[in-house]
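File shown: structure19.txt (compact mmCIF, C-alpha atoms).
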# COMPACT_ATOMS: atom_id res chain seq x y z
CA PRO S 1 2.54 7.77 3.78
CA HIS S 2 3.45 5.26 1.09
CA PRO S 3 1.01 2.31 1.11
CA ALA S 4 3.79 -0.06 2.09
CA ASP S 5 4.75 2.14 5.03
CA ALA S 6 1.12 2.59 6.01
CA LEU S 7 0.54 -1.14 6.03
CA GLY S 8 3.67 -1.69 8.09
CA ASP S 9 2.39 0.79 10.65
CA LEU S 10 -0.99 -0.92 10.55
CA ILE S 11 0.49 -4.32 11.37
CA ALA S 12 2.53 -2.87 14.22
CA HIS S 13 -0.58 -1.21 15.58
CA ALA S 14 -2.52 -4.45 15.22
CA GLU S 15 0.01 -6.24 17.39
CA SER S 16 -0.32 -3.68 20.16
CA ALA S 17 -3.96 -2.59 20.00
CA SER S 18 -6.77 -4.96 20.90
CA GLY S 19 -9.32 -3.36 18.60
CA ARG S 20 -7.29 -3.47 15.41
CA ARG S 21 -7.88 -7.13 14.64
CA ALA S 22 -11.63 -6.48 14.59
CA LEU S 23 -11.15 -3.61 12.14
CA LEU S 24 -9.17 -5.76 9.76
CA GLY S 25 -11.78 -8.51 9.95
CA THR S 26 -10.84 -11.42 7.74
CA VAL S 27 -7.79 -9.72 6.19
CA ALA S 28 -4.88 -11.98 7.08
CA GLU S 29 -1.59 -10.57 8.29
CA ASN S 30 0.34 -12.45 5.60
CA SER S 31 -1.79 -10.65 3.01
CA LEU S 32 -0.79 -7.32 4.53
CA ARG S 33 2.85 -8.33 4.47
CA ALA S 34 2.48 -9.36 0.81
CA VAL S 35 1.35 -5.83 -0.01
CA ILE S 36 4.35 -4.42 1.86
CA ASP S 37 6.75 -6.66 -0.06
CA LYS S 38 5.11 -5.78 -3.35
CA GLY S 39 5.27 -2.07 -2.54
CA SER S 40 8.94 -2.30 -1.63
CA ARG S 41 9.86 -4.01 -4.91
CA SER S 42 7.82 -2.61 -7.78
CA VAL S 43 5.03 -0.21 -6.84
CA GLN S 44 7.43 2.29 -5.33
CA THR S 45 9.25 2.64 -8.67
CA SER S 46 6.17 3.18 -10.84
CA ARG S 47 5.76 6.49 -12.67
CA SER S 48 2.46 7.17 -10.91
CA VAL S 49 4.05 6.86 -7.47
CA GLN S 50 7.19 8.77 -8.42
CA THR S 51 5.39 11.75 -9.97
CA CYS S 52 2.99 12.16 -7.06
CA ARG S 53 5.95 12.32 -4.66
CA HIS S 54 9.24 13.41 -6.07
CA ASN S 55 9.51 14.62 -9.65
CA ALA S 56 9.17 18.30 -10.48
CA ALA S 57 6.03 19.04 -12.48
CA ARG S 58 6.35 20.48 -15.97
CA ARG S 59 4.91 23.93 -16.44
CA CYS S 60 1.35 23.94 -17.78
CA SER S 61 1.08 25.93 -21.02
CA LEU S 62 -2.67 26.54 -20.64
CA PRO S 63 -3.32 29.84 -18.81
CA PRO S 64 -5.61 29.63 -15.75
CA GLU S 65 -8.27 31.89 -17.29
CA ALA S 66 -8.34 29.80 -20.47
CA ALA S 67 -8.93 26.66 -18.42
CA LEU S 68 -11.81 28.32 -16.57
CA ASP S 69 -13.30 29.80 -19.75
CA ALA S 70 -13.38 26.37 -21.39
CA LEU S 71 -15.51 25.12 -18.52
CA ARG S 72 -17.72 28.21 -18.31
CA ARG S 73 -18.68 27.94 -21.98
CA ARG S 74 -20.29 24.56 -21.21
CA GLN S 75 -21.69 25.09 -17.74
CA GLY S 76 -25.24 25.28 -19.12
CA GLU S 77 -24.95 21.63 -20.16
CA SER S 78 -24.60 20.31 -16.61
CA SER S 79 -25.84 21.51 -13.23
CA HIS S 80 -22.94 19.64 -11.64
CA LEU S 81 -20.42 21.54 -13.77
CA ALA S 82 -22.14 24.83 -12.93
CA ALA S 83 -21.93 24.00 -9.22
CA LEU S 84 -18.23 23.17 -9.50
CA LEU S 85 -17.56 26.48 -11.24
CA ALA S 86 -19.20 28.24 -8.27
CA ALA S 87 -16.93 26.50 -5.76
CA PRO S 88 -14.91 29.14 -3.84
CA TRP S 89 -11.66 27.17 -4.10
CA LEU S 90 -11.66 26.53 -7.88
CA GLU S 91 -9.84 29.64 -9.16
CA GLU S 92 -7.05 29.28 -6.60
CA ALA S 93 -6.75 25.57 -7.40
CA ILE S 94 -6.44 26.12 -11.16
CA ALA S 95 -3.82 28.80 -10.58
CA ASP S 96 -1.50 25.98 -9.50
CA ASP S 97 0.32 24.53 -12.53
CA ARG S 98 0.19 21.03 -11.06
CA VAL S 99 -3.59 21.11 -10.69
CA ARG S 100 -4.22 22.93 -13.98
CA ARG S 101 -2.47 20.18 -15.91
CA LEU S 102 -5.41 17.96 -14.97
CA PHE S 103 -7.73 20.40 -16.78
CA ALA S 104 -5.47 20.86 -19.83
CA ARG S 105 -6.89 17.91 -21.75
CA ASP S 106 -9.62 17.27 -24.28
CA SER S 107 -12.41 19.63 -23.25
CA ARG S 108 -15.15 17.01 -23.51
CA SER S 109 -13.27 14.62 -21.21
CA VAL S 110 -12.59 17.39 -18.70
CA ARG S 111 -16.25 18.44 -18.64
CA LYS S 112 -17.35 14.85 -18.09
CA ASP S 113 -14.79 14.29 -15.35
CA CYS S 114 -15.73 17.54 -13.61
CA SER S 115 -19.45 16.77 -13.72
CA GLU S 116 -18.95 13.26 -12.39
CA ALA S 117 -16.58 14.48 -9.68
CA TRP S 118 -19.06 17.04 -8.38
CA ALA S 119 -21.91 14.54 -8.46
CA ALA S 120 -19.77 12.13 -6.43
CA ALA S 121 -18.92 14.87 -3.92
CA GLU S 122 -22.61 15.61 -3.40
CA ARG S 123 -23.34 11.94 -2.68
CA VAL S 124 -20.36 11.75 -0.31
CA ARG S 125 -21.65 14.86 1.48
CA THR S 126 -25.00 13.15 2.04
CA LEU S 127 -23.37 9.95 3.29
CA LEU S 128 -21.02 11.74 5.68
CA ARG S 129 -23.99 13.59 7.13
CA SER S 130 -25.84 10.30 7.63
CA LEU S 131 -22.75 8.85 9.34
CA GLY S 132 -22.66 11.78 11.74
CA MET S 133 -19.42 13.21 10.35
CA PRO S 134 -18.50 16.93 10.23
CA ALA S 135 -19.18 18.83 7.02
CA ASP S 136 -15.46 19.40 6.44
CA GLY S 137 -14.83 15.64 6.54
CA GLU S 138 -12.72 15.63 9.69
CA GLY S 139 -12.10 12.06 10.82
CA ALA S 140 -13.20 10.53 7.49
CA ALA S 141 -11.27 8.52 4.92
CA LEU S 142 -12.52 8.94 1.33
CA LEU S 143 -11.40 6.39 -1.27
CA ASP S 144 -11.52 7.21 -4.98
CA VAL S 145 -11.34 3.64 -6.29
CA CYS S 146 -10.11 3.09 -9.87
CA SER S 147 -9.41 6.81 -9.76
CA GLY S 148 -7.55 7.27 -13.01
CA LYS S 149 -5.77 10.60 -12.72
CA GLY S 150 -8.09 11.53 -9.90
CA MET S 151 -10.42 14.39 -10.78
CA THR S 152 -12.94 13.02 -8.30
CA ALA S 153 -10.29 12.68 -5.60
CA LEU S 154 -9.08 16.23 -6.26
CA VAL S 155 -12.58 17.67 -5.87
CA LEU S 156 -13.12 15.61 -2.71
CA SER S 157 -9.86 16.92 -1.26
CA PHE S 158 -11.09 20.51 -1.64
CA GLU S 159 -14.71 19.95 -0.64
CA PHE S 160 -13.71 17.97 2.47
CA PRO S 161 -10.38 19.54 3.46
CA ARG S 162 -10.15 17.77 6.82
CA ALA S 163 -10.73 14.30 5.36
CA ARG S 164 -7.98 11.99 4.16
CA VAL S 165 -8.52 11.31 0.45
CA HIS S 166 -6.91 8.29 -1.20
CA MET S 167 -6.69 7.58 -4.92
CA LEU S 168 -6.48 3.86 -5.73
CA ASP S 169 -5.66 2.67 -9.24
CA ALA S 170 -3.72 -0.14 -10.92
CA ASN S 171 -2.17 2.14 -13.55
CA GLY S 172 1.47 2.79 -12.72
CA GLU S 173 2.17 5.04 -15.72
CA MET S 174 0.25 8.20 -14.88
CA GLU S 175 1.53 11.74 -14.34
CA LEU S 176 0.21 12.64 -10.89
CA SER S 177 2.12 15.74 -9.84
CA HIS S 178 -1.17 17.39 -8.85
CA VAL S 179 -1.38 15.00 -5.88
CA ARG S 180 1.44 16.98 -4.25
CA ALA S 181 -0.68 20.14 -4.45
CA ARG S 182 -3.09 18.81 -1.83
CA PRO S 183 -1.91 18.00 1.73
CA ASN S 184 -4.80 15.59 2.34
CA LEU S 185 -4.48 13.63 -0.91
CA ASP S 186 -2.38 10.58 -1.74
CA PHE S 187 -2.11 7.79 -4.30
CA VAL S 188 -2.08 4.02 -3.68
CA GLN S 189 -1.25 1.75 -6.60
CA CYS S 190 -3.74 -1.08 -6.24
CA ASP S 191 -5.33 -3.62 -8.57
CA LEU S 192 -8.93 -4.11 -7.46
CA PHE S 193 -8.79 -7.76 -8.52
CA SER S 194 -5.57 -8.57 -6.69
CA ARG S 195 -5.60 -10.64 -3.52
CA ASP S 196 -4.24 -7.58 -1.70
CA ALA S 197 -7.14 -5.26 -2.57
CA ALA S 198 -9.02 -5.81 0.71
CA ALA S 199 -5.83 -5.11 2.67
CA ALA S 200 -5.32 -1.87 0.73
CA LEU S 201 -8.85 -0.69 1.60
CA ALA S 202 -8.24 -1.49 5.27
CA ALA S 203 -4.91 0.36 5.23
CA CYS S 204 -6.55 3.46 3.75
CA ARG S 205 -9.21 3.37 6.47
CA ALA S 206 -6.55 3.07 9.21
CA ASP S 207 -7.93 4.82 12.30
CA ALA S 208 -10.52 6.99 10.53
CA ALA S 209 -13.92 7.28 12.20
CA ALA S 210 -15.71 6.59 8.90
CA CYS S 211 -14.76 5.45 5.42
CA VAL S 212 -16.60 6.06 2.15
CA ALA S 213 -15.47 4.35 -1.06
CA VAL S 214 -16.30 6.02 -4.38
CA GLY S 215 -16.25 4.32 -7.77
CA MET S 216 -17.08 6.66 -10.64
CA HIS S 217 -17.50 5.48 -14.23
CA LEU S 218 -16.37 1.95 -13.40
CA CYS S 219 -16.33 -0.43 -16.35
CA GLY S 220 -17.32 -4.07 -16.69
CA ALA S 221 -16.72 -6.18 -13.59
CA LEU S 222 -15.15 -3.35 -11.55
CA SER S 223 -18.41 -2.19 -9.96
CA PRO S 224 -19.44 -5.68 -8.76
CA ARG S 225 -15.88 -6.20 -7.51
CA LEU S 226 -15.88 -2.98 -5.50
CA LEU S 227 -19.30 -3.73 -4.04
CA THR S 228 -18.18 -7.24 -3.08
CA LEU S 229 -15.02 -5.98 -1.40
CA ALA S 230 -16.92 -3.26 0.45
CA ALA S 231 -19.63 -5.65 1.61
CA ARG S 232 -17.03 -8.03 3.03
CA SER S 233 -14.78 -5.39 4.56
CA PRO S 234 -15.41 -3.88 8.00
CA ALA S 235 -13.23 -0.98 6.88
CA VAL S 236 -15.83 0.49 4.47
CA ASP S 237 -18.96 2.13 5.89
CA ALA S 238 -20.58 3.35 2.68
CA VAL S 239 -20.12 3.16 -1.09
CA VAL S 240 -20.92 5.47 -4.00
CA VAL S 241 -20.87 3.63 -7.33
CA CYS S 242 -21.68 4.98 -10.79
CA PRO S 243 -20.89 2.31 -13.40
CA CYS S 244 -20.55 3.05 -17.08
CA CYS S 245 -21.42 -0.60 -17.80
CA LEU S 246 -21.87 -3.80 -15.82
CA LYS S 247 -20.43 -7.27 -16.13
CA GLY S 248 -20.28 -10.15 -13.67

Hey, can you dump this file as structure tokens for me?
Amino acid sequence: PHPADALGDLIAHAESASGRRALLGTVAENSLRAVIDKGSRSVQTSRSVQTCRHNAARRCSLPPEAALDALRRRQGESSHLAALLAAPWLEEAIADDRVRRLFARDSRSVRKDCSEAWAAAERVRTLLRSLGMPADGEGAALLDVCSGKGMTALVLSFEFPRARVHMLDANGEMELSHVRARPNLDFVQCDLFSRDAAAALAACRADAAACVAVGMHLCGALSPRLLTLAARSPAVDAVVVCPCCLKG
């Protein structure tokens, strides 16, 4: 559901379920309602939200085999990339125009994103196992925080097909038609430094049995911010963070 709708459902559930207040911890109801109001006014009209829900995707001009070949030529440079290329779902995924558009970019950027995404998936696999969760992710909520276009989230959605995977990013101008290709993937427009960020994390957790937040290639103060939010939030059980630089 749209983040505004999800938060509305969450508040309604909080008013009728005794355990929900404990899950939300210190997140105030007026903060949740602020997110709903914001979502109703501006977030819902952003390009990122619109393209991941409604707009028809443009046809990808890069053939599926060409996209795969570009990755195969470089698989010797990264064990993570080689592992991704061996994933049984990859060829079928890239056959979808909406997904392949994510791979039809500068080859160096795609290789980096693919390697980081697989590395994140391996860490998430280890954490889910330690949390006693099924290998397919059933009952888990996985948050790709500051996701960008969401290569990590896409890989997570395939590797853990029974998990709910949420992309969170402040950028409202992205083309995200590939989100519609995955039934367990969605996008939440969220600024990690906004006062509503903790509420957004709690809404993504909802009634999941476990929640893992992932922050790949976070810049500057984003990693400390994510760690602070996760440490203070009862909604997040574990965090995977790989900063590109640190500040704050």

* Asked: Which residue out of S:Arg182, S:Arg123, S:His80, S:Arg100 has the minimum interatomic distance to S:Cys52 when all atoms listed in the file are used?
  ->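 Among the listed residues, S:Arg182 lies closest to S:Cys52.
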
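Pairwise distance (atom CA of S:Met151, atom CA of S:Leu185) equals 11.5 Å.
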
* Quick one: of S:Pro224, S:Pro234, S:Gly172, S:Gly215, who's nearest to S:Ala202, counting all atoms listed in the file? ->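 Looking only at the distances to S:Ala202, the closest residue turns out to be S:Pro234.
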
Report as an mmCIF file with C-alpha atoms, keeping the file's coordinate frame all protein, DNA and RNA residues lying within 10 Å of S:Ser48, evaluated on only C-alpha atoms, omitting residues in the same chain fewer than 4 positions from it.
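So the final result, stored in around-v2.cif, reads:
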data_model
loop_
_atom_site.group_PDB
_atom_site.id
_atom_site.type_symbol
_atom_site.label_atom_id
_atom_site.label_comp_id
_atom_site.auth_asym_id
_atom_site.auth_seq_id
_atom_site.Cartn_x
_atom_site.Cartn_y
_atom_site.Cartn_z
ATOM 1 C CA VAL S 43 5.030 -0.210 -6.840
ATOM 2 C CA GLN S 44 7.430 2.290 -5.330
ATOM 3 C CA CYS S 52 2.990 12.160 -7.060
ATOM 4 C CA ARG S 53 5.950 12.320 -4.660
ATOM 5 C CA LYS S 149 -5.770 10.600 -12.720
ATOM 6 C CA ASP S 169 -5.660 2.670 -9.240
ATOM 7 C CA ALA S 170 -3.720 -0.140 -10.920
ATOM 8 C CA ASN S 171 -2.170 2.140 -13.550
ATOM 9 C CA GLY S 172 1.470 2.790 -12.720
ATOM 10 C CA GLU S 173 2.170 5.040 -15.720
ATOM 11 C CA MET S 174 0.250 8.200 -14.880
ATOM 12 C CA GLU S 175 1.530 11.740 -14.340
ATOM 13 C CA LEU S 176 0.210 12.640 -10.890
ATOM 14 C CA SER S 177 2.120 15.740 -9.840
ATOM 15 C CA PHE S 187 -2.110 7.790 -4.300
ATOM 16 C CA VAL S 188 -2.080 4.020 -3.680
ATOM 17 C CA GLN S 189 -1.250 1.750 -6.600
#

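When only C-alpha atoms are used to compute distances to S:Val145, the closest of the residues S:Val214, S:Ala200, S:Val236, S:Ala70 turns out to be S:Val214.
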
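If only C-alpha atoms are the atoms counted, then among S:Asp196, S:Glu159, S:Asp136, S:Glu122 the closest residue to S:Trp89 is S:Glu159.
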
* To do: Please indicate the distance in Å from atom CA of S:Cys211 to atom CA of S:Phe103, rounded to one decimal place.
  => 27.7 Å

* Selection: 10 Å around S:Ala119, all atoms listed in the file, excl. self and same-chain fewer than 3 positions, as a ChimeraX atom specification -> /S:79-81,83-84,113-116,122-125,152,216,242

Print the selection's residues with C-alpha atoms to a file, as an mmCIF file, in the frame of the given file.
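Okay, this is what ended up in result.cif:
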data_model
loop_
_atom_site.group_PDB
_atom_site.id
_atom_site.type_symbol
_atom_site.label_atom_id
_atom_site.label_comp_id
_atom_site.auth_asym_id
_atom_site.auth_seq_id
_atom_site.Cartn_x
_atom_site.Cartn_y
_atom_site.Cartn_z
ATOM 1 C CA SER S 79 -25.840 21.510 -13.230
ATOM 2 C CA HIS S 80 -22.940 19.640 -11.640
ATOM 3 C CA LEU S 81 -20.420 21.540 -13.770
ATOM 4 C CA ALA S 83 -21.930 24.000 -9.220
ATOM 5 C CA LEU S 84 -18.230 23.170 -9.500
ATOM 6 C CA ASP S 113 -14.790 14.290 -15.350
ATOM 7 C CA CYS S 114 -15.730 17.540 -13.610
ATOM 8 C CA SER S 115 -19.450 16.770 -13.720
ATOM 9 C CA GLU S 116 -18.950 13.260 -12.390
ATOM 10 C CA GLU S 122 -22.610 15.610 -3.400
ATOM 11 C CA ARG S 123 -23.340 11.940 -2.680
ATOM 12 C CA VAL S 124 -20.360 11.750 -0.310
ATOM 13 C CA ARG S 125 -21.650 14.860 1.480
ATOM 14 C CA THR S 152 -12.940 13.020 -8.300
ATOM 15 C CA MET S 216 -17.080 6.660 -10.640
ATOM 16 C CA CYS S 242 -21.680 4.980 -10.790
#

* atom CA of S:Glu138 and atom CA of S:Phe160, how far apart in Å? ->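 Computed distance, atom CA of S:Phe160 to atom CA of S:Glu138, equals 7.7 Å.
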
* Structure fact -> Of S:Ala208, S:Leu168, S:Val110, S:Ala163, the one nearest to S:Gly137 when counting all atoms listed in the file is S:Ala163

* Looking at S:Ala82, S:Ala153, S:Val99, S:Ala141, which one is nearest to S:Arg180, with distances taken over only C-alpha atoms? ->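 Nearest candidate to S:Arg180 out of S:Ala82, S:Ala153, S:Val99, S:Ala141: S:Val99.
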
How big is the axis-aligned box, and where does its centre sit, when it encloses all atoms of stretch 84-97 of chain S listed in the file and has 3 Å added on every side, reported in Å to one decimal as lines of an AutoDock Vina configuration file?
center_x = -9.4
center_y = 26.4
center_z = -8.2
size_x = 25.5
size_y = 12.5
size_z = 14.7
